[in-house]
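Shown below: run06.tsv, with TSV, C-alpha atoms.
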```tsv
chain	number	residue	atom	x	y	z
I	20	MET	CA	74.56	114.71	80.24
I	21	ARG	CA	77.94	116.22	79.35
I	22	ILE	CA	80.50	115.29	82.01
I	23	ALA	CA	84.15	116.36	82.12
I	24	ILE	CA	86.83	114.84	84.33
I	25	ILE	CA	90.12	116.70	84.79
I	26	GLY	CA	92.96	114.29	85.50
I	27	ALA	CA	93.48	110.72	84.27
I	28	GLY	CA	95.16	109.31	87.35
I	29	ALA	CA	93.55	106.82	89.70
I	30	ALA	CA	90.81	109.20	90.91
I	31	GLY	CA	89.84	110.36	87.43
I	32	LEU	CA	89.87	106.96	85.76
I	33	VAL	CA	88.02	105.24	88.59
I	34	THR	CA	85.36	107.96	88.47
I	35	ALA	CA	85.04	107.47	84.70
I	36	ALA	CA	84.75	103.70	85.23
I	37	LYS	CA	82.08	104.17	87.89
I	38	LEU	CA	80.16	106.43	85.49
I	39	ALA	CA	80.49	103.82	82.75
I	40	GLU	CA	78.91	101.27	85.09
I	41	ARG	CA	75.86	103.56	85.10
I	42	GLY	CA	75.81	104.09	81.35
I	43	GLN	CA	77.48	107.51	81.41
I	44	THR	CA	80.45	108.68	79.37
I	45	ALA	CA	82.87	111.53	80.06
I	46	ASP	CA	85.56	113.68	78.49
I	47	LEU	CA	88.79	113.22	80.44
I	48	PHE	CA	91.34	116.02	80.19
I	49	GLU	CA	94.88	114.99	81.11
I	50	ALA	CA	97.69	117.55	81.24
I	51	SER	CA	100.41	115.01	80.43
I	52	ASP	CA	101.01	113.74	76.92
I	53	ARG	CA	100.55	110.09	77.89
I	54	LEU	CA	98.96	107.97	80.57
I	55	GLY	CA	100.79	108.13	83.89
I	56	ALA	CA	103.36	110.77	83.00
I	57	GLY	CA	103.88	112.88	86.11
I	58	ALA	CA	101.00	111.21	87.97
I	59	ALA	CA	101.47	110.21	91.59
I	60	SER	CA	99.33	107.12	90.96
I	61	TRP	CA	101.79	105.89	88.30
I	62	LEU	CA	104.51	105.80	90.98
I	63	ALA	CA	102.34	104.18	93.65
I	64	GLY	CA	102.99	100.87	95.36
I	65	GLY	CA	99.53	99.61	94.53
I	66	MET	CA	98.95	98.24	98.02
I	67	LEU	CA	95.33	97.71	98.99
I	68	ALA	CA	96.03	97.70	102.71
I	69	PRO	CA	93.19	99.20	104.76
I	70	PHE	CA	94.29	97.73	108.09
I	71	CYS	CA	97.92	98.83	107.72
I	72	GLU	CA	96.95	102.31	106.55
I	73	ALA	CA	94.62	102.66	109.54
I	74	GLU	CA	97.76	102.91	111.70
I	75	ASP	CA	98.11	106.50	110.49
I	76	ALA	CA	94.70	107.31	108.98
I	77	GLY	CA	92.42	105.83	111.66
I	78	PRO	CA	89.91	102.96	111.62
I	79	GLY	CA	87.45	104.82	109.40
I	80	ILE	CA	89.56	103.85	106.41
I	81	VAL	CA	88.96	100.11	106.85
I	82	ALA	CA	85.39	99.69	105.55
I	83	PRO	CA	85.78	101.81	102.37
I	84	GLY	CA	89.19	100.20	101.88
I	85	HIS	CA	87.67	96.71	101.95
I	86	ALA	CA	85.06	97.84	99.44
I	87	GLY	CA	87.91	99.15	97.30
I	88	ILE	CA	89.61	95.75	97.31
I	89	GLU	CA	86.40	94.08	96.15
I	90	TRP	CA	85.89	96.63	93.37
I	91	TRP	CA	89.42	96.33	92.04
I	92	ALA	CA	89.28	92.53	92.17
I	93	ALA	CA	86.07	92.57	90.13
I	94	THR	CA	87.27	95.21	87.67
I	95	VAL	CA	90.91	94.64	86.70
I	96	PRO	CA	93.01	91.47	86.35
I	97	ASP	CA	95.89	90.38	88.59
I	98	VAL	CA	94.71	91.72	91.94
I	99	ARG	CA	96.68	89.55	94.35
I	100	ARG	CA	95.03	88.80	97.66
I	101	GLY	CA	97.97	87.39	99.58
I	102	GLY	CA	97.91	89.83	102.49
I	103	THR	CA	100.64	92.07	103.87
I	104	LEU	CA	103.59	91.16	106.08
I	105	VAL	CA	104.91	93.77	108.53
I	106	VAL	CA	108.36	93.14	110.01
I	107	ALA	CA	110.96	95.02	112.03
I	108	PRO	CA	114.59	94.41	112.97
I	109	ALA	CA	115.08	92.98	116.47
I	110	ARG	CA	116.14	96.40	117.79
I	111	ASP	CA	112.81	97.87	116.62
I	112	ARG	CA	110.44	95.33	118.14
I	113	GLY	CA	108.87	98.15	120.11
I	114	ASP	CA	107.79	99.71	116.81
I	115	LEU	CA	106.18	96.41	115.82
I	116	ALA	CA	104.28	96.33	119.12
I	117	ARG	CA	103.13	99.92	118.60
I	118	PHE	CA	102.00	99.13	115.05
I	119	ALA	CA	100.03	96.15	116.38
I	120	ARG	CA	98.28	98.30	118.99
I	121	ARG	CA	97.24	100.86	116.39
I	122	THR	CA	95.86	98.37	113.87
I	123	ALA	CA	93.43	95.45	113.66
I	124	GLY	CA	92.94	92.54	111.28
I	125	HIS	CA	96.36	91.02	111.89
I	126	GLU	CA	97.84	87.85	113.30
I	127	ARG	CA	101.07	87.99	115.27
I	128	ILE	CA	103.35	85.29	113.89
I	129	GLY	CA	106.79	83.89	114.64
I	130	ALA	CA	109.83	82.86	112.64
I	131	GLU	CA	108.40	79.53	111.48
I	132	ARG	CA	105.26	81.08	110.00
I	133	ILE	CA	107.28	83.90	108.42
I	134	ALA	CA	109.40	81.28	106.67
I	135	ALA	CA	106.29	79.45	105.48
I	136	LEU	CA	104.81	82.64	104.02
I	137	GLU	CA	108.06	84.05	102.61
I	138	PRO	CA	110.79	81.39	102.39
I	139	ASP	CA	113.42	83.94	101.37
I	140	LEU	CA	112.93	85.73	104.69
I	141	ALA	CA	113.54	82.56	106.72
I	142	GLY	CA	115.72	83.26	109.74
I	143	ARG	CA	115.77	87.00	109.19
I	144	PHE	CA	112.96	88.07	111.53
I	145	GLY	CA	111.75	86.54	114.77
I	146	GLU	CA	108.22	87.91	114.64
I	147	ALA	CA	105.89	89.76	112.30
I	148	LEU	CA	102.33	90.92	111.80
I	149	PHE	CA	100.38	89.21	109.03
I	150	PHE	CA	97.36	91.07	107.60
I	151	ALA	CA	95.75	88.23	105.66
I	152	GLU	CA	92.82	90.20	104.21
I	153	GLU	CA	94.88	92.79	102.36
I	154	ALA	CA	95.84	92.76	98.69
I	155	HIS	CA	97.93	94.50	96.06
I	156	LEU	CA	97.97	95.26	92.35
I	157	ASP	CA	100.31	96.69	89.75
I	158	PRO	CA	99.14	100.31	89.50
I	159	ARG	CA	100.37	100.80	85.95
I	160	LEU	CA	98.57	97.76	84.61
I	161	ALA	CA	95.47	98.81	86.55
I	162	LEU	CA	95.50	102.34	85.08
I	163	GLU	CA	96.06	101.00	81.56
I	164	ASN	CA	93.18	98.57	82.01
I	165	LEU	CA	90.86	101.31	83.26
I	166	ALA	CA	91.82	103.62	80.39
I	167	GLU	CA	90.97	100.90	77.88
I	168	ARG	CA	87.75	100.10	79.73
I	169	VAL	CA	86.42	103.67	79.81
I	170	THR	CA	87.38	104.48	76.21
I	171	SER	CA	85.74	101.25	75.03
I	172	ALA	CA	82.60	102.41	76.84
I	173	GLY	CA	82.60	105.68	74.89
I	174	SER	CA	84.58	108.11	77.04
I	175	ARG	CA	87.46	110.05	75.52
I	176	ILE	CA	90.84	110.93	77.02
I	177	HIS	CA	92.34	114.19	75.76
I	178	PHE	CA	96.06	114.10	76.50
I	179	GLY	CA	98.15	117.27	76.63
I	180	SER	CA	95.12	119.24	77.83
I	181	THR	CA	95.73	121.60	80.74
I	182	VAL	CA	92.34	123.04	81.61
I	183	ALA	CA	90.75	124.82	84.56
I	184	PRO	CA	87.40	123.56	85.86
I	185	GLN	CA	85.57	126.82	85.23
I	186	ALA	CA	86.87	127.02	81.65
I	187	LEU	CA	84.87	123.97	80.57
I	188	ASP	CA	81.24	124.23	79.48
I	189	HIS	CA	80.17	120.72	80.48
I	190	ASP	CA	77.13	120.16	82.68
I	191	VAL	CA	79.33	118.75	85.45
I	192	VAL	CA	83.11	118.98	85.86
I	193	VAL	CA	84.89	116.51	88.15
I	194	ASP	CA	88.19	117.97	89.36
I	195	CYS	CA	90.69	115.14	89.94
I	196	ARG	CA	93.87	117.16	89.44
I	197	GLY	CA	95.51	116.04	92.68
I	198	SER	CA	98.39	118.20	93.85
I	199	ALA	CA	98.06	120.40	90.76
I	200	ALA	CA	95.04	121.94	92.48
I	201	ALA	CA	97.04	122.97	95.57
I	202	GLY	CA	96.61	126.69	96.07
I	203	GLU	CA	93.11	126.60	94.60
I	204	ILE	CA	91.50	124.14	97.04
I	205	PRO	CA	91.71	125.34	100.65
I	206	ALA	CA	94.08	123.35	102.93
I	207	LEU	CA	95.23	121.02	100.14
I	208	ARG	CA	98.99	120.52	100.23
I	209	PRO	CA	101.54	118.46	98.25
I	210	VAL	CA	103.55	115.76	100.05
I	211	ARG	CA	106.60	114.44	98.24
I	212	GLY	CA	107.19	110.71	97.87
I	213	GLU	CA	110.11	108.85	96.31
I	214	MET	CA	110.38	105.30	94.99
I	215	LEU	CA	112.73	102.86	93.31
I	216	ILE	CA	112.16	99.83	91.12
I	217	LEU	CA	114.80	97.15	91.55
I	218	ARG	CA	115.42	93.96	89.62
I	219	THR	CA	116.94	90.83	91.11
I	220	GLN	CA	116.44	87.10	90.68
I	221	ASP	CA	118.00	86.44	94.08
I	222	VAL	CA	114.93	87.41	96.13
I	223	SER	CA	111.38	86.13	95.81
I	224	LEU	CA	108.39	87.61	97.65
I	225	SER	CA	104.71	86.72	97.31
I	226	ARG	CA	103.21	89.81	98.94
I	227	PRO	CA	104.09	93.35	100.02
I	228	VAL	CA	106.42	93.49	103.01
I	229	ARG	CA	106.55	96.57	105.20
I	230	LEU	CA	109.73	97.15	107.15
I	231	LEU	CA	109.20	99.49	110.09
I	232	HIS	CA	111.68	102.33	109.79
I	233	PRO	CA	112.73	104.96	112.37
I	234	ARG	CA	111.03	107.70	110.30
I	235	TRP	CA	108.46	105.87	108.16
I	236	PRO	CA	107.41	102.37	107.13
I	237	VAL	CA	109.26	101.41	103.96
I	238	TYR	CA	107.59	98.81	101.79
I	239	VAL	CA	108.81	96.38	99.18
I	240	VAL	CA	106.17	95.25	96.67
I	241	PRO	CA	106.78	92.38	94.24
I	242	ARG	CA	105.87	93.16	90.63
I	243	GLY	CA	106.83	89.83	89.06
I	244	ASP	CA	109.73	88.91	86.75
I	245	GLY	CA	112.24	89.85	89.45
I	246	LEU	CA	110.97	93.43	89.80
I	247	PHE	CA	110.32	95.06	93.16
I	248	MET	CA	108.94	98.50	93.92
I	249	VAL	CA	110.56	100.07	97.01
I	250	GLY	CA	108.85	103.10	98.53
I	251	ALA	CA	108.06	105.51	99.76
I	252	THR	CA	109.53	108.44	101.52
I	253	VAL	CA	107.23	111.09	103.01
I	254	VAL	CA	108.55	114.65	102.84
I	255	GLU	CA	106.45	117.75	103.54
I	256	THR	CA	107.50	119.76	100.51
I	257	ASP	CA	106.34	120.74	97.03
I	258	ASP	CA	109.82	120.04	95.61
I	259	ARG	CA	109.40	118.35	92.22
I	260	ARG	CA	113.02	117.32	91.73
I	261	SER	CA	113.93	113.72	91.01
I	262	VAL	CA	114.90	111.33	93.81
I	263	THR	CA	117.34	112.85	96.30
I	264	ALA	CA	120.51	111.17	97.50
I	265	ARG	CA	119.05	110.91	100.99
I	266	GLY	CA	115.84	109.34	99.72
I	267	MET	CA	117.71	106.79	97.63
I	268	VAL	CA	120.03	105.87	100.50
I	269	ASP	CA	117.09	105.39	102.87
I	270	LEU	CA	115.19	103.22	100.41
I	271	LEU	CA	118.22	101.12	99.48
I	272	ASN	CA	119.19	100.67	103.12
I	273	ALA	CA	115.67	99.49	103.89
I	274	ALA	CA	115.70	97.00	101.01
I	275	TYR	CA	119.10	95.72	102.16
I	276	ALA	CA	117.83	95.39	105.73
I	277	LEU	CA	114.95	93.28	104.46
I	278	HIS	CA	117.27	91.01	102.47
I	279	PRO	CA	121.01	91.49	101.76
I	280	ALA	CA	120.61	90.22	98.19
I	281	PHE	CA	119.03	93.55	97.30
I	282	ALA	CA	122.55	95.03	97.53
I	283	GLU	CA	123.28	93.47	94.13
I	284	ALA	CA	119.94	94.38	92.57
I	285	GLU	CA	119.80	96.47	89.42
I	286	ILE	CA	118.19	99.90	89.83
I	287	VAL	CA	115.71	99.91	86.96
I	288	GLU	CA	113.85	103.12	87.73
I	289	THR	CA	113.70	105.97	90.21
I	290	GLY	CA	110.78	108.31	90.63
I	291	SER	CA	109.36	111.07	92.76
I	292	GLY	CA	105.94	112.63	92.86
I	293	LEU	CA	103.66	114.88	94.89
I	294	ARG	CA	100.76	113.30	96.73
I	295	PRO	CA	97.76	115.56	97.41
I	296	ALA	CA	96.80	115.70	101.10
I	297	PHE	CA	94.50	117.57	103.45
I	298	PRO	CA	95.52	118.23	107.09
I	299	ASP	CA	93.98	114.94	108.29
I	300	ASN	CA	95.55	113.03	105.36
I	301	LEU	CA	92.10	111.75	104.32
I	302	PRO	CA	90.36	112.41	100.99
I	303	ARG	CA	87.35	114.61	100.43
I	304	VAL	CA	84.63	115.02	97.85
I	305	SER	CA	83.19	118.52	97.71
I	306	ARG	CA	80.95	120.47	95.39
I	307	ASP	CA	80.89	124.08	94.25
I	308	GLY	CA	78.14	124.61	91.70
I	309	ARG	CA	78.73	122.31	88.77
I	310	VAL	CA	82.29	121.44	89.88
I	311	VAL	CA	82.75	118.30	91.96
I	312	SER	CA	86.21	117.96	93.51
I	313	VAL	CA	87.76	114.58	94.37
I	314	ASN	CA	91.08	115.18	96.06
I	315	GLY	CA	93.38	114.54	99.02
I	316	LEU	CA	93.89	110.82	98.38
I	317	TYR	CA	97.43	111.10	99.79
I	318	ARG	CA	98.83	107.53	100.13
I	319	HIS	CA	95.43	105.94	99.59
I	320	GLY	CA	94.83	106.57	95.89
I	321	PHE	CA	94.04	103.03	94.80
I	322	LEU	CA	92.57	101.96	98.12
I	323	LEU	CA	90.01	104.75	98.50
I	324	SER	CA	89.40	105.98	94.94
I	325	PRO	CA	86.44	103.58	94.43
I	326	ALA	CA	84.67	104.94	97.52
I	327	MET	CA	85.45	108.55	96.59
I	328	ALA	CA	84.28	107.95	93.01
I	329	ASP	CA	80.99	106.52	94.30
I	330	GLU	CA	80.45	109.72	96.27
I	331	ALA	CA	81.31	111.87	93.26
I	332	VAL	CA	78.95	109.91	91.01
I	333	SER	CA	76.19	110.39	93.57
I	334	HIS	CA	76.70	114.16	93.27
I	335	ILE	CA	76.66	113.95	89.46
I	336	LEU	CA	73.61	111.75	89.06
I	337	GLY	CA	71.82	113.51	91.88
I	338	GLU	CA	72.13	116.75	89.92
I	339	ARG	CA	70.73	115.03	86.84
I	340	LEU	CA	67.72	113.75	88.75
I	341	LYS	CA	67.18	117.18	90.28
I	342	ALA	CA	67.31	118.83	86.85
I	343	ALA	CA	64.88	116.27	85.41
I	344	SER	CA	62.33	117.03	88.11
```

How would this structure read if it were set down as structure tokens?
Amino acid sequence: MRIAIIGAGAAGLVTAAKLAERGQTADLFEASDRLGAGAASWLAGGMLAPFCEAEDAGPGIVAPGHAGIEWWAATVPDVRRGGTLVVAPARDRGDLARFARRTAGHERIGAERIAALEPDLAGRFGEALFFAEEAHLDPRLALENLAERVTSAGSRIHFGSTVAPQALDHDVVVDCRGSAAAGEIPALRPVRGEMLILRTQDVSLSRPVRLLHPRWPVYVVPRGDGLFMVGATVVETDDRRSVTARGMVDLLNAAYALHPAFAEAEIVETGSGLRPAFPDNLPRVSRDGRVVSVNGLYRHGFLLSPAMADEAVSHILGERLKAAS
């Protein structure tokens, strides 16, 4: 069976990996000239946080999110299962209470437990929510691992290939173009996100920490070797410019509010990208003839791509069984 996948971000590579688990190979067509260039998943935080994301997405995200954690942990190295810590400044304790009401799977903890979990935050916050069952990964290492895995299994990645689904003559085409498909897929819209990577040896964190912000939760994710990813703004626009002054100020202020030592951190990288989203901010798998679309992963690319890929593979293999009969 000749299968094409358009897009080598999280959705495309996870779908290729899921096909490889079933003995299938695919041709992956990636518009960029190298892995991750211009991809929203390359700029992601890599948080596998189904309970926290349910605050905005609803409880239906929890079960497929848990399955996603298990798949990533079994598939790529260095998935860290240390949970997520959610904190707020004293003036924003009402936001922490609201977050607690809208989520499950957490333990409400005080200053002593915060210090035990994250010694560098000792004395900075009086209470927090600890989501012990959540995890995180480095998205770039995960994508590189998946790319090696699927090519070793016989799939091919064609970089610098901008193709339309209907232009390919494969038996099945899986459209994982993300926001590049906005305007072609009804109701799909781009949502801009911005991020920074900072380097400092003066702060140590063992897990992602979310700081509740007046406009959005800002998160700080440890990457090891003194690196921290700080993200991510949410702006309803298709603006592809680099990080704005406002976005950088908001992210830096949030990092500083979490720990003042971030004021002296080196800014290693800035980035902005467009997340694909439907009106309910939840992903969808749909089919039109031989084209299967996997899109709308929004802020849940790594968390929900395994579940969405399973659904896409069911469409693909179902068609094969139908044809065989």

Item to check | Coordinates-based distance that separates atom CA of I:His85 from atom CA of I:Arg41 (Å, one decimal) | outcome: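 According to the coordinates, atom CA of I:Arg41 and atom CA of I:His85 are separated by 21.7 Å.
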
Item to check | Residue nearest I:Val240 - candidates I:Val268, I:Leu67, I:Ala76, I:Ala200, atoms counted: all atoms listed in the file | outcome: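 Between I:Val268, I:Leu67, I:Ala76, I:Ala200, the residue approaching I:Val240 most closely is I:Leu67.
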
Checklist entry - If you count all atoms listed in the file, which residues fall within 6 Å of I:Pro69, apart from same-chain ones fewer than 2 positions away, as a list of chain:residue names? => result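 Result of the neighbour search: I:Cys71, I:Glu72, I:Val81, I:Gly84.
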
Next on the checklist: Env of I:Leu156: 9 Å cut, atoms = all atoms listed in the file, seq-sep filter 4 positions within chain, self excluded. Answer as a list in words.
Outcome noted: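 Skipping anything fewer than 4 positions along the chain leaves Gly64, Gly65, Met66, Leu67, Trp91, Pro96, Asp97, Val98, Arg99, Arg100, Leu160, Ala161 and Arg242 of chain I.
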
Item to check | Length of the atom CA of I:Cys195 to atom CA of I:Gly77 vector [Å] | outcome: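 Pair atom CA of I:Cys195 / atom CA of I:Gly77 returns 23.7 Å.
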
Checklist entry - Hey, which of I:Val222, I:Leu270, I:Ala183, I:Leu231 ends up closest to I:Arg112? Count all atoms listed in the file. => result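 So, comparing all the options, the nearest one is I:Leu231.
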
Checklist entry - stretch 211-221 of chain I: which residues within 6 Å, counting all atoms listed in the file, same-chain residues fewer than 2 positions away excluded, as a PyMOL selection string? => result chain I and resi 245-254+256+262+284-293

Item to check | Which of I:Asn300, I:Thr170, I:Thr122, I:Thr103 sits closest to I:Gln43 [using only C-alpha atoms] | outcome: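 So, comparing all the options, the nearest one is I:Thr170.
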
Item to check | I:Ala123 surroundings by all atoms listed in the file, 12 Å radius, close-in-sequence under 5 positions cut, as a list in words | outcome: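 So, after excluding close chain neighbours, the residues are Ala68, Pro69, Phe70, Cys71, Glu72, Ala73, Glu74, Gly77, Pro78, Gly79, Ile80, Val81, Arg117, Phe118, Leu148, Phe149, Phe150, Ala151, Glu152 and Glu153 of chain I.
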
Item to check | Distance criterion (all atoms listed in the file): nearest to I:Ala82 out of I:Leu115, I:Ile24, I:Ala328, I:Gly124 | outcome: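 Closest to I:Ala82, using all atoms listed in the file: I:Gly124.
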
Item to check | Near-I:Arg196 list (10 Å; all atoms listed in the file; drop same-chain fewer than 6 positions) as a list of chain:residue names | outcome: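 Residues meeting the cut-off are I:Ile24, I:Ile25, I:Gly26, I:Ala27, I:Gly28, I:Ala30, I:Gly31, I:Phe48, I:Glu49, I:Ala50, I:Ala58, I:Thr181, I:Val182, I:Ala183, I:Pro184, I:Pro295, I:Ser312, I:Val313, I:Asn314, I:Gly315.
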
Item to check | Using only C-alpha atoms: which of I:His125, I:His189, I:His232, I:His334 has the shortest distance to I:Ala109 | outcome: I:His232

Checklist outcome for this item: A straight line from atom CA of I:Leu316 to atom CA of I:Arg175 spans 23.8 Å

Next on the checklist: Taking all atoms listed in the file into account, name the residue in I:Asp75, I:Glu330, I:Pro325, I:Pro205 that is nearest to I:Ala93.
Outcome noted: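 Checking each candidate against I:Ala93, we get I:Pro325 as the closest.
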
Supply stretch 273-283 of chain I as a PDB file, in the coordinates of the input, with all heavy atoms built in where the input has gaps.
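Saved file selection_23.pdb follows:
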```
ATOM      1  N   ALA I 273     116.820 100.262 103.430  1.00  0.00           N
ATOM      2  CA  ALA I 273     115.670  99.490 103.890  1.00  0.00           C
ATOM      3  C   ALA I 273     115.563  98.177 103.123  1.00  0.00           C
ATOM      4  O   ALA I 273     115.310  97.113 103.704  1.00  0.00           O
ATOM      5  CB  ALA I 273     114.396 100.300 103.720  1.00  0.00           C
ATOM      6  N   ALA I 274     115.752  98.226 101.807  1.00  0.00           N
ATOM      7  CA  ALA I 274     115.700  97.000 101.010  1.00  0.00           C
ATOM      8  C   ALA I 274     116.793  96.033 101.457  1.00  0.00           C
ATOM      9  O   ALA I 274     116.562  94.815 101.590  1.00  0.00           O
ATOM     10  CB  ALA I 274     115.838  97.330  99.528  1.00  0.00           C
ATOM     11  N   TYR I 275     117.983  96.559 101.708  1.00  0.00           N
ATOM     12  CA  TYR I 275     119.100  95.720 102.160  1.00  0.00           C
ATOM     13  C   TYR I 275     118.806  95.118 103.529  1.00  0.00           C
ATOM     14  O   TYR I 275     119.132  93.954 103.796  1.00  0.00           O
ATOM     15  CB  TYR I 275     120.378  96.550 102.198  1.00  0.00           C
ATOM     16  CG  TYR I 275     121.582  95.786 102.698  1.00  0.00           C
ATOM     17  CD1 TYR I 275     122.274  94.922 101.850  1.00  0.00           C
ATOM     18  CD2 TYR I 275     122.034  95.916 104.006  1.00  0.00           C
ATOM     19  CE1 TYR I 275     123.382  94.216 102.297  1.00  0.00           C
ATOM     20  CE2 TYR I 275     123.134  95.220 104.466  1.00  0.00           C
ATOM     21  CZ  TYR I 275     123.804  94.367 103.604  1.00  0.00           C
ATOM     22  OH  TYR I 275     124.889  93.668 104.056  1.00  0.00           O
ATOM     23  N   ALA I 276     118.167  95.901 104.405  1.00  0.00           N
ATOM     24  CA  ALA I 276     117.830  95.390 105.730  1.00  0.00           C
ATOM     25  C   ALA I 276     116.795  94.266 105.643  1.00  0.00           C
ATOM     26  O   ALA I 276     116.794  93.343 106.463  1.00  0.00           O
ATOM     27  CB  ALA I 276     117.300  96.514 106.616  1.00  0.00           C
ATOM     28  N   LEU I 277     115.924  94.344 104.647  1.00  0.00           N
ATOM     29  CA  LEU I 277     114.950  93.280 104.460  1.00  0.00           C
ATOM     30  C   LEU I 277     115.626  92.015 103.964  1.00  0.00           C
ATOM     31  O   LEU I 277     115.364  90.916 104.465  1.00  0.00           O
ATOM     32  CB  LEU I 277     113.870  93.725 103.472  1.00  0.00           C
ATOM     33  CG  LEU I 277     112.727  92.733 103.256  1.00  0.00           C
ATOM     34  CD1 LEU I 277     111.928  92.530 104.533  1.00  0.00           C
ATOM     35  CD2 LEU I 277     111.817  93.219 102.125  1.00  0.00           C
ATOM     36  N   HIS I 278     116.522  92.166 102.981  1.00  0.00           N
ATOM     37  CA  HIS I 278     117.270  91.010 102.470  1.00  0.00           C
ATOM     38  C   HIS I 278     118.576  91.507 101.847  1.00  0.00           C
ATOM     39  O   HIS I 278     118.547  92.363 100.947  1.00  0.00           O
ATOM     40  CB  HIS I 278     116.462  90.255 101.417  1.00  0.00           C
ATOM     41  CG  HIS I 278     116.968  88.865 101.167  1.00  0.00           C
ATOM     42  ND1 HIS I 278     118.192  88.598 100.590  1.00  0.00           N
ATOM     43  CD2 HIS I 278     116.413  87.648 101.441  1.00  0.00           C
ATOM     44  CE1 HIS I 278     118.367  87.289 100.509  1.00  0.00           C
ATOM     45  NE2 HIS I 278     117.309  86.688 101.019  1.00  0.00           N
ATOM     46  N   PRO I 279     119.722  90.992 102.272  1.00  0.00           N
ATOM     47  CA  PRO I 279     121.010  91.490 101.760  1.00  0.00           C
ATOM     48  C   PRO I 279     121.193  91.333 100.258  1.00  0.00           C
ATOM     49  O   PRO I 279     121.988  92.058  99.655  1.00  0.00           O
ATOM     50  CB  PRO I 279     122.040  90.646 102.528  1.00  0.00           C
ATOM     51  CG  PRO I 279     121.338  90.199 103.764  1.00  0.00           C
ATOM     52  CD  PRO I 279     119.909  90.018 103.366  1.00  0.00           C
ATOM     53  N   ALA I 280     120.467  90.409  99.634  1.00  0.00           N
ATOM     54  CA  ALA I 280     120.610  90.220  98.190  1.00  0.00           C
ATOM     55  C   ALA I 280     120.195  91.447  97.397  1.00  0.00           C
ATOM     56  O   ALA I 280     120.609  91.617  96.243  1.00  0.00           O
ATOM     57  CB  ALA I 280     119.804  89.008  97.734  1.00  0.00           C
ATOM     58  N   PHE I 281     119.407  92.328  98.007  1.00  0.00           N
ATOM     59  CA  PHE I 281     119.030  93.550  97.300  1.00  0.00           C
ATOM     60  C   PHE I 281     120.237  94.455  97.061  1.00  0.00           C
ATOM     61  O   PHE I 281     120.173  95.362  96.228  1.00  0.00           O
ATOM     62  CB  PHE I 281     117.954  94.307  98.081  1.00  0.00           C
ATOM     63  CG  PHE I 281     116.564  93.783  97.861  1.00  0.00           C
ATOM     64  CD1 PHE I 281     115.834  93.232  98.907  1.00  0.00           C
ATOM     65  CD2 PHE I 281     115.981  93.831  96.603  1.00  0.00           C
ATOM     66  CE1 PHE I 281     114.544  92.752  98.711  1.00  0.00           C
ATOM     67  CE2 PHE I 281     114.687  93.353  96.395  1.00  0.00           C
ATOM     68  CZ  PHE I 281     113.976  92.807  97.449  1.00  0.00           C
ATOM     69  N   ALA I 282     121.347  94.222  97.746  1.00  0.00           N
ATOM     70  CA  ALA I 282     122.550  95.030  97.530  1.00  0.00           C
ATOM     71  C   ALA I 282     123.074  94.870  96.099  1.00  0.00           C
ATOM     72  O   ALA I 282     123.711  95.780  95.560  1.00  0.00           O
ATOM     73  CB  ALA I 282     123.636  94.643  98.528  1.00  0.00           C
ATOM     74  N   GLU I 283     122.804  93.723  95.489  1.00  0.00           N
ATOM     75  CA  GLU I 283     123.280  93.470  94.130  1.00  0.00           C
ATOM     76  C   GLU I 283     122.180  93.668  93.089  1.00  0.00           C
ATOM     77  O   GLU I 283     122.365  93.340  91.914  1.00  0.00           O
ATOM     78  CB  GLU I 283     123.825  92.044  94.032  1.00  0.00           C
ATOM     79  CG  GLU I 283     124.976  91.755  94.978  1.00  0.00           C
ATOM     80  CD  GLU I 283     126.169  92.684  94.750  1.00  0.00           C
ATOM     81  OE1 GLU I 283     126.447  93.020  93.571  1.00  0.00           O
ATOM     82  OE2 GLU I 283     126.800  93.090  95.743  1.00  0.00           O
TER      83      GLU I 283
END
```
